[in-house]
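Trainee: This is the structure I want to talk about, given as structure tokens.
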Amino acid sequence: MTMLKEGRPTAPQAVTEADAAPATATGNRALMLEEALIFEIGSTDTTGVDFAQAPKVESRLGSLARTEAIGLPGLSEQETVRHYTRLSRQNYAIDLGLFPLGSCTMKHNPRLNEKVARMPGFADLHPLSPQSTVQGALAVIHELAEWLIKLTGMHSVAMSPKAGAHGELCGLLAIRAALEARGDARSVVLVPESAHGTNPATAAFCGYKVEDIPATPDGRVDLEALKARLGPDVAAVMITNPNTCGLFECDMKTISDAVHAAGAFVYCDGANFNAIVGRVRPGDLGVDAMHINLHKTFSTPHGGGGPGSGPVVLSQALAPFAPLPFVERRGDQFVLVEEETAEDHHAQTFGRMVAFHGQMGMFTRALAYILSHGADGLRQVAGDAVLNANYVLRSLDDVLDAPFGKSGPCMHEALFSDKGLAEGFTTLDIAKGLIDEGFHPMTMYFPLVVHGAMLVEPTETESKAALDQFIMALRSLAERAKAGEVALKGAPYYAPRRRLDETLAARKPVLTWTEPQVAQAAE
Ligand SMILES: *Cc1c(COP(=O)(O)O)cnc(C)c1O
């Protein structure tokens with residue numbers, strides 16, 4: 001090796017077997033820093049702030065007064081900043097790379113949305129401000145509502161629900177109120193096998209008995225089985241369209257007609273609206289209620305990145321039962337209608353879902369997204385979402401089994417199964433391998449109708465270059481799993497933690513920290 005006179009090598013040193021990844025004293029690996037729990041690095045007698053001595057006051061807490069130390073760990077400001085920054089660097093994020101989580105629509109959030117949401121005129125409002133002083137904010141909610149109504153071809157929209165699941169609750173409560181109003185006690189909600197878990201959970205939460213509708217071999221609702229089950233006890237059918245197999249429910253109109261003929265309502269799970277926005281209007285398909293995940297279709301951050309918002313569009317039949325409050329235009333004024341009045345069109349409202357008007361920060365972001373795309377841009381969103389998913393599907397269907405790949409193109413997500421992997425190799429091994437390749441794993445083991453499901457939703461915002469790199473990684477993992485490469489079973493190798501016992505973690509979560517007992521040395 002040649003050196004400068006200061007003793008510095010003039011060329012990179014060749015890496016030999018001998019110096020491959022030795023252990024470090026700290027456990028850190030360069031920029032990959034180990035971090036202990038806050039309880040382990042903090043101390044209960046440290047605080048980051050220095051308050052003046054509190055004056056003595058007579059306690060009025062009586063027996064409620066705490067008698068023991070609170071036991072919270074204390075850190076200095078710098079230690080606190082480092083702790084959370086180190087932890088955040090062990091995480092994956094949409095701003096780091098492609099996030100192929102099926103059903104979740106993890107797409108890029110344009111920074112323009114953020115800029116708009118942070119404008120002081122929106123960001124600094126208080127929900128109890130007099131309505132005359134927040135006309136602009138009410139106009140934003142109203143304009144967004146009009147876009148959602150127009151894009152879905154529905155009669156009206158309830159803006160206040162704060163997530164997709166919350167929107168499902170809103171829709172089913174409206175359906176229940178409509179049935180009660182006509183004195184019709186129905187007790188069953190039908191849900192397809194492939195539905196997102198929130199659908200049966202919502203129906204059960206509303207007191208309905210949930211029954212499965214089987215799927216056809218091509219991954220869609222079995223129309224004949226559904227028709228056969230309809231009857232005077234069925235309150236509603238919950239259908240996801242496009243469904244969670246990434247397929248369009250082609251029989252949707254026939255399904256709606258049959259459901260209506262049986263006196264029931266059609267709830268559509270609209271979480272996948274990004275695949276059809278600007279191309280299909282659910283109102284034309286006979287839908288009575290559908291939630292729209294603003295945080296999916298209209299790109300507001302989610303998945304730990306921010307709160308959600310799940311407005312529910314409603315048919316004319318359900319509109320009278322919509323929740324309060326809502327924004328209404330009266331002349332050139334916008335009014336947040338807070339209370340029902342006997343003679344008004346909302347006299348039959350089922351009540352209220354949230355304290356205020358809904359998730360304002362999400363409304364501003366979603367409207368910024370809609371206006372910056374325009375009608376033609378939104379139409380292209382759907383086209384690009386479907387194009388990207390089909391590119392992934394067709395680039396990998398020679399190495400991974402695509403159970404519904406033969407029956408035509410997919411919508412916004414590509415679904416693969418574990419069929420054809422070597423004996424003992426599973427979807428989990430491929431997911432763990434993706435972590436080593438620097439990607440968040442795809443959704444796995446969902447939908448339940450496919451064995452060892454791998455659901456990939458690339459979304460419309462990924463470039464071809466990013467898709468090609470992801471496809472290359474997944475192809476290599478599929479080949480390794482088919483060849484039975486034992487090393488894959490050990491993945492991940494390069495994550496902060498190796499393979500965890502996730503079943504144990506879910507079944508027996510350790511939610512409190514107790515100081516480890518120091519083992520006594522045997523005498
Ligand atoms: C995301 C999703 C939901 C739930 O939405 P949240 O906003 O997470 O409550 C429901 N159904 C489907 C199909 C989804 O993808």
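Letters A, B, ... go to the chains of the structure tokens in the order shown; residues in each chain start at 1; ligands are counted from 1 in the same order.
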Let me see if you get this right: every residue at most 7 Å from ligand 1, counting only C-alpha atoms and all ligand atoms, written as a list of chain:residue names.
Mentor: A:Ser103, A:Cys104, A:Ala163, A:Gly164, A:Ala165, A:His166, A:Ala195, A:His196, A:Thr198, A:Asn199, A:Thr240, A:Thr244, A:Asp269, A:Gly270, A:Ala271, A:Asn272, A:Asn293, A:Gly308, A:Ser309, A:Gly310
Trainee: Determine, counting only C-alpha atoms, which protein, DNA and RNA residues have an atom within 7 Å of an atom of stretch 442-447 of chain A; residues of the same chain fewer than 6 positions away are not included. Present the result as a PyMOL selection string.
Mentor: chain A and resi 100-102+194+244-245+427+431+453-456
Trainee: Which of stretch 388-502 of chain A counts as strand (DSSP E or B) under DSSP, as a VMD selection string please?
Mentor: chain A and resid 401 414 to 417 443 to 444 454 to 456
Trainee: Which neighbours of stretch 140-150 of chain A fall inside 7 Å, counting only C-alpha atoms, when residues of the same chain fewer than 5 positions from it are skipped, and could you give them as number ranges by chain?
Mentor: A: 155-157, 313, 327, 363-364, 367
Trainee: Using only C-alpha atoms, find each residue in stretch 238-344 of chain A having at least one atom no more than 10 Å away from stretch 170-177 of chain A; report its shortest atom-to-atom pair and that distance in Å (one decimal), rows by chain then rising number, as a Markdown table.
Mentor:
```
| residue | atom | partner | partner_atom | distance |
| --- | --- | --- | --- | --- |
| A:Met238 | CA | A:Leu172 | CA | 9.4 |
| A:Ala264 | CA | A:Ile175 | CA | 8.8 |
| A:Phe265 | CA | A:Ile175 | CA | 6.9 |
| A:Val266 | CA | A:Ile175 | CA | 9.1 |
| A:Tyr267 | CA | A:Gly171 | CA | 7.1 |
| A:Cys268 | CA | A:Gly171 | CA | 9.2 |
| A:Asp269 | CA | A:Gly171 | CA | 9.9 |
| A:Asp288 | CA | A:Gly171 | CA | 8.5 |
| A:Ala289 | CA | A:Gly171 | CA | 5.6 |
| A:Met290 | CA | A:Gly171 | CA | 7.0 |
| A:His291 | CA | A:Gly171 | CA | 7.6 |
| A:Gly310 | CA | A:Cys170 | CA | 9.4 |
| A:Pro311 | CA | A:Cys170 | CA | 9.0 |
| A:Val312 | CA | A:Gly171 | CA | 6.7 |
| A:Val313 | CA | A:Gly171 | CA | 8.5 |
| A:Leu314 | CA | A:Gly171 | CA | 7.9 |
| A:Ala317 | CA | A:Ile175 | CA | 9.2 |
| A:Leu318 | CA | A:Ala174 | CA | 6.2 |
| A:Ala319 | CA | A:Ala174 | CA | 8.1 |
| A:Pro320 | CA | A:Ala174 | CA | 8.6 |
| A:Phe321 | CA | A:Ala174 | CA | 5.3 |
| A:Ala322 | CA | A:Ala174 | CA | 6.1 |
| A:Pro323 | CA | A:Cys170 | CA | 7.6 |
```
Trainee: Write out as an mmCIF file with C-alpha atoms, in the first residue's frame each polymer residue whose atoms come within 10 Å of A:His108, counting only C-alpha atoms; drop sequence neighbours fewer than 4 positions from it.
Mentor:
```cif
data_model
loop_
_atom_site.group_PDB
_atom_site.id
_atom_site.type_symbol
_atom_site.label_atom_id
_atom_site.label_comp_id
_atom_site.auth_asym_id
_atom_site.auth_seq_id
_atom_site.Cartn_x
_atom_site.Cartn_y
_atom_site.Cartn_z
ATOM 1 C CA ILE A 94 -42.235 7.146 1.765
ATOM 2 C CA ASP A 95 -39.636 9.919 1.535
ATOM 3 C CA GLY A 97 -38.112 4.943 -1.134
ATOM 4 C CA LEU A 98 -40.867 2.953 -2.788
ATOM 5 C CA PHE A 99 -43.412 1.713 -0.240
ATOM 6 C CA SER A 299 -52.364 12.194 -0.947
ATOM 7 C CA THR A 300 -52.384 13.393 2.585
ATOM 8 C CA PRO A 301 -49.695 11.762 4.724
ATOM 9 C CA THR A 459 -49.101 3.735 -6.729
ATOM 10 C CA GLU A 460 -49.168 6.297 -9.496
ATOM 11 C CA THR A 461 -46.291 8.403 -8.211
ATOM 12 C CA GLU A 462 -43.409 5.955 -8.759
#
```
Trainee: Under the rule that only C-alpha atoms are counted, which of A:Cys250, A:Ala389, A:Leu72, A:Leu138 is the nearest residue to A:Asp332?
Mentor: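 Nearest candidate to A:Asp332 out of A:Cys250, A:Ala389, A:Leu72, A:Leu138: A:Leu138.
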Trainee: Identify, with DSSP run on backbone atoms, the residues in stretch 165-211 of chain A assigned to helix (DSSP H, G or I), and express the list as a compact mmCIF listing (two decimals) with N, CA and C atoms, in the first residue's frame.
Mentor:
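Written output follows (selection_18.txt):
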```txt
# COMPACT_ATOMS: atom_id res chain seq x y z
N ALA A 165 -62.14 3.72 8.29
CA ALA A 165 -62.97 2.90 9.18
C ALA A 165 -64.06 3.75 9.82
N HIS A 166 -63.72 4.99 10.16
CA HIS A 166 -64.69 5.92 10.75
C HIS A 166 -65.79 6.24 9.73
N GLY A 167 -65.40 6.33 8.46
CA GLY A 167 -66.36 6.56 7.39
C GLY A 167 -67.29 5.38 7.23
N GLU A 168 -66.75 4.16 7.35
CA GLU A 168 -67.61 2.97 7.30
C GLU A 168 -68.66 3.05 8.39
N LEU A 169 -68.21 3.46 9.59
CA LEU A 169 -69.15 3.58 10.71
C LEU A 169 -70.23 4.61 10.37
N CYS A 170 -69.82 5.73 9.81
CA CYS A 170 -70.77 6.77 9.41
C CYS A 170 -71.78 6.22 8.42
N GLY A 171 -71.30 5.50 7.41
CA GLY A 171 -72.19 4.95 6.38
C GLY A 171 -73.18 3.96 6.96
N LEU A 172 -72.69 3.07 7.82
CA LEU A 172 -73.60 2.06 8.38
C LEU A 172 -74.57 2.68 9.37
N LEU A 173 -74.14 3.73 10.08
CA LEU A 173 -75.08 4.40 11.00
C LEU A 173 -76.18 5.10 10.19
N ALA A 174 -75.81 5.66 9.02
CA ALA A 174 -76.83 6.28 8.17
C ALA A 174 -77.80 5.22 7.65
N ILE A 175 -77.25 4.06 7.26
CA ILE A 175 -78.10 2.97 6.78
C ILE A 175 -79.03 2.49 7.89
N ARG A 176 -78.47 2.35 9.08
CA ARG A 176 -79.29 1.89 10.21
C ARG A 176 -80.41 2.90 10.49
N ALA A 177 -80.06 4.20 10.45
CA ALA A 177 -81.07 5.25 10.70
C ALA A 177 -82.16 5.22 9.63
N ALA A 178 -81.76 4.98 8.37
CA ALA A 178 -82.74 4.94 7.28
C ALA A 178 -83.68 3.75 7.46
N LEU A 179 -83.14 2.62 7.88
CA LEU A 179 -83.97 1.43 8.10
C LEU A 179 -84.91 1.65 9.28
N GLU A 180 -84.37 2.23 10.36
CA GLU A 180 -85.20 2.49 11.54
C GLU A 180 -86.32 3.46 11.19
N ALA A 181 -86.00 4.45 10.35
CA ALA A 181 -87.01 5.45 10.00
C ALA A 181 -88.20 4.82 9.28
N THR A 198 -61.59 -3.96 8.40
CA THR A 198 -62.42 -2.93 9.01
C THR A 198 -63.89 -3.11 8.63
N ASN A 199 -64.19 -3.73 7.47
CA ASN A 199 -65.60 -3.86 7.04
C ASN A 199 -66.39 -4.74 8.02
N PRO A 200 -66.00 -6.00 8.23
CA PRO A 200 -66.76 -6.80 9.20
C PRO A 200 -66.69 -6.21 10.61
N ALA A 201 -65.58 -5.58 10.96
CA ALA A 201 -65.46 -5.00 12.31
C ALA A 201 -66.49 -3.88 12.49
N THR A 202 -66.65 -3.04 11.46
CA THR A 202 -67.61 -1.94 11.54
C THR A 202 -69.03 -2.48 11.67
N ALA A 203 -69.35 -3.45 10.83
CA ALA A 203 -70.71 -4.01 10.86
C ALA A 203 -71.00 -4.61 12.23
N ALA A 204 -70.03 -5.34 12.77
CA ALA A 204 -70.23 -5.95 14.09
C ALA A 204 -70.37 -4.87 15.16
N PHE A 205 -69.57 -3.81 15.04
CA PHE A 205 -69.63 -2.71 16.01
C PHE A 205 -71.00 -2.04 16.01
```
Trainee: Determine the nearest neighbour of A:Ala465 from the options A:Ala235, A:Asp397, A:Arg497, A:Tyr391, counting only C-alpha atoms.
Mentor: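 Nearest candidate to A:Ala465 out of A:Ala235, A:Asp397, A:Arg497, A:Tyr391: A:Tyr391.
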Trainee: Excluding A:His451 and residues on its chain fewer than 4 positions from it, collect all residues at most 8 Å away from it, counting only C-alpha atoms, and give them as a list in words.
Mentor: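 Residues near the query, excluding close chain neighbours: Ser417, Asp418, Lys419 and Tyr445 of chain A.
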Trainee: Tell me which protein, DNA and RNA residues are within 10 Å of A:Val280, counting only C-alpha atoms, leaving out same-chain ones fewer than 4 positions away, and put them as a PyMOL selection string.
Mentor: chain A and resi 151-153+273+275-276+284-285+379+382
Trainee: Those residues you just picked out, can you put them in a file as an mmCIF file, in the first residue's frame with N, CA, C and O atoms?
Mentor:
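The resulting file, again.cif, is reproduced below:
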```cif
data_model
loop_
_atom_site.group_PDB
_atom_site.id
_atom_site.type_symbol
_atom_site.label_atom_id
_atom_site.label_comp_id
_atom_site.auth_asym_id
_atom_site.auth_seq_id
_atom_site.Cartn_x
_atom_site.Cartn_y
_atom_site.Cartn_z
ATOM 1 N N LEU A 151 -66.962 14.027 -8.390
ATOM 2 C CA LEU A 151 -66.115 12.903 -8.812
ATOM 3 C C LEU A 151 -66.791 11.552 -8.601
ATOM 4 O O LEU A 151 -66.485 10.580 -9.288
ATOM 5 N N THR A 152 -67.693 11.475 -7.607
ATOM 6 C CA THR A 152 -68.324 10.183 -7.319
ATOM 7 C C THR A 152 -69.727 10.089 -7.908
ATOM 8 O O THR A 152 -70.319 9.011 -7.884
ATOM 9 N N GLY A 153 -70.270 11.212 -8.371
ATOM 10 C CA GLY A 153 -71.628 11.177 -8.922
ATOM 11 C C GLY A 153 -72.674 10.849 -7.869
ATOM 12 O O GLY A 153 -73.682 10.214 -8.161
ATOM 13 N N PHE A 273 -60.175 4.228 -4.429
ATOM 14 C CA PHE A 273 -60.743 5.159 -5.413
ATOM 15 C C PHE A 273 -59.670 5.725 -6.343
ATOM 16 O O PHE A 273 -59.973 6.137 -7.466
ATOM 17 N N ALA A 275 -57.768 4.255 -8.103
ATOM 18 C CA ALA A 275 -57.679 3.454 -9.327
ATOM 19 C C ALA A 275 -58.750 3.835 -10.351
ATOM 20 O O ALA A 275 -58.647 3.462 -11.523
ATOM 21 N N ILE A 276 -59.794 4.553 -9.918
ATOM 22 C CA ILE A 276 -60.909 4.821 -10.845
ATOM 23 C C ILE A 276 -61.309 6.292 -10.884
ATOM 24 O O ILE A 276 -62.207 6.667 -11.648
ATOM 25 N N ASP A 284 -73.100 6.077 -10.342
ATOM 26 C CA ASP A 284 -73.700 5.431 -11.511
ATOM 27 C C ASP A 284 -73.839 3.920 -11.313
ATOM 28 O O ASP A 284 -74.517 3.247 -12.077
ATOM 29 N N LEU A 285 -73.121 3.391 -10.306
ATOM 30 C CA LEU A 285 -73.151 1.945 -10.077
ATOM 31 C C LEU A 285 -74.150 1.560 -8.990
ATOM 32 O O LEU A 285 -74.197 0.418 -8.559
ATOM 33 N N ARG A 379 -57.825 12.204 -13.657
ATOM 34 C CA ARG A 379 -58.086 11.075 -14.556
ATOM 35 C C ARG A 379 -56.780 10.323 -14.830
ATOM 36 O O ARG A 379 -56.743 9.097 -14.874
ATOM 37 N N ALA A 382 -55.566 7.905 -12.013
ATOM 38 C CA ALA A 382 -56.113 6.548 -12.087
ATOM 39 C C ALA A 382 -55.382 5.742 -13.168
ATOM 40 O O ALA A 382 -55.005 4.580 -12.955
#
```
Trainee: Using atom CA of A:Arg281 and atom CA of A:Ala385 as the two end points, give the distance in Å to one decimal.
Mentor: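 Calculated distance between atom CA of A:Arg281 and atom CA of A:Ala385 is 17.0 Å.
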Trainee: What does the structure give for the distance between atom CA of A:Asp222 and atom CA of A:Ile292, in Å to one decimal?
Mentor: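 If I compute the distance from atom CA of A:Asp222 to atom CA of A:Ile292, I get 24.6 Å.
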Trainee: Suppose you want the space between atom CA of A:Lys296 and atom CA of A:Thr105; what is it in Å?
Mentor: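 Going from atom CA of A:Lys296 over to atom CA of A:Thr105 covers 5.2 Å.
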Trainee: With only C-alpha atoms as the atoms that count, which of A:Ala228, A:Val486, A:Ala422, A:Leu75 lies nearest to A:Gly48?
Mentor: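 Comparing A:Ala228, A:Val486, A:Ala422, A:Leu75 against A:Gly48, the winner is A:Leu75.
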Trainee: For A:Lys253, find every residue with an atom within 10 Å (counting only C-alpha atoms), except residues of its own chain fewer than 5 positions away, and show them as a count of residues only.
Mentor: 8
Trainee: When you count only C-alpha atoms, which of these residues is closest to A:Glu338: A:Ala123, A:Phe416, A:Lys5, A:Pro325?
Mentor: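 Nearest candidate to A:Glu338 out of A:Ala123, A:Phe416, A:Lys5, A:Pro325: A:Pro325.
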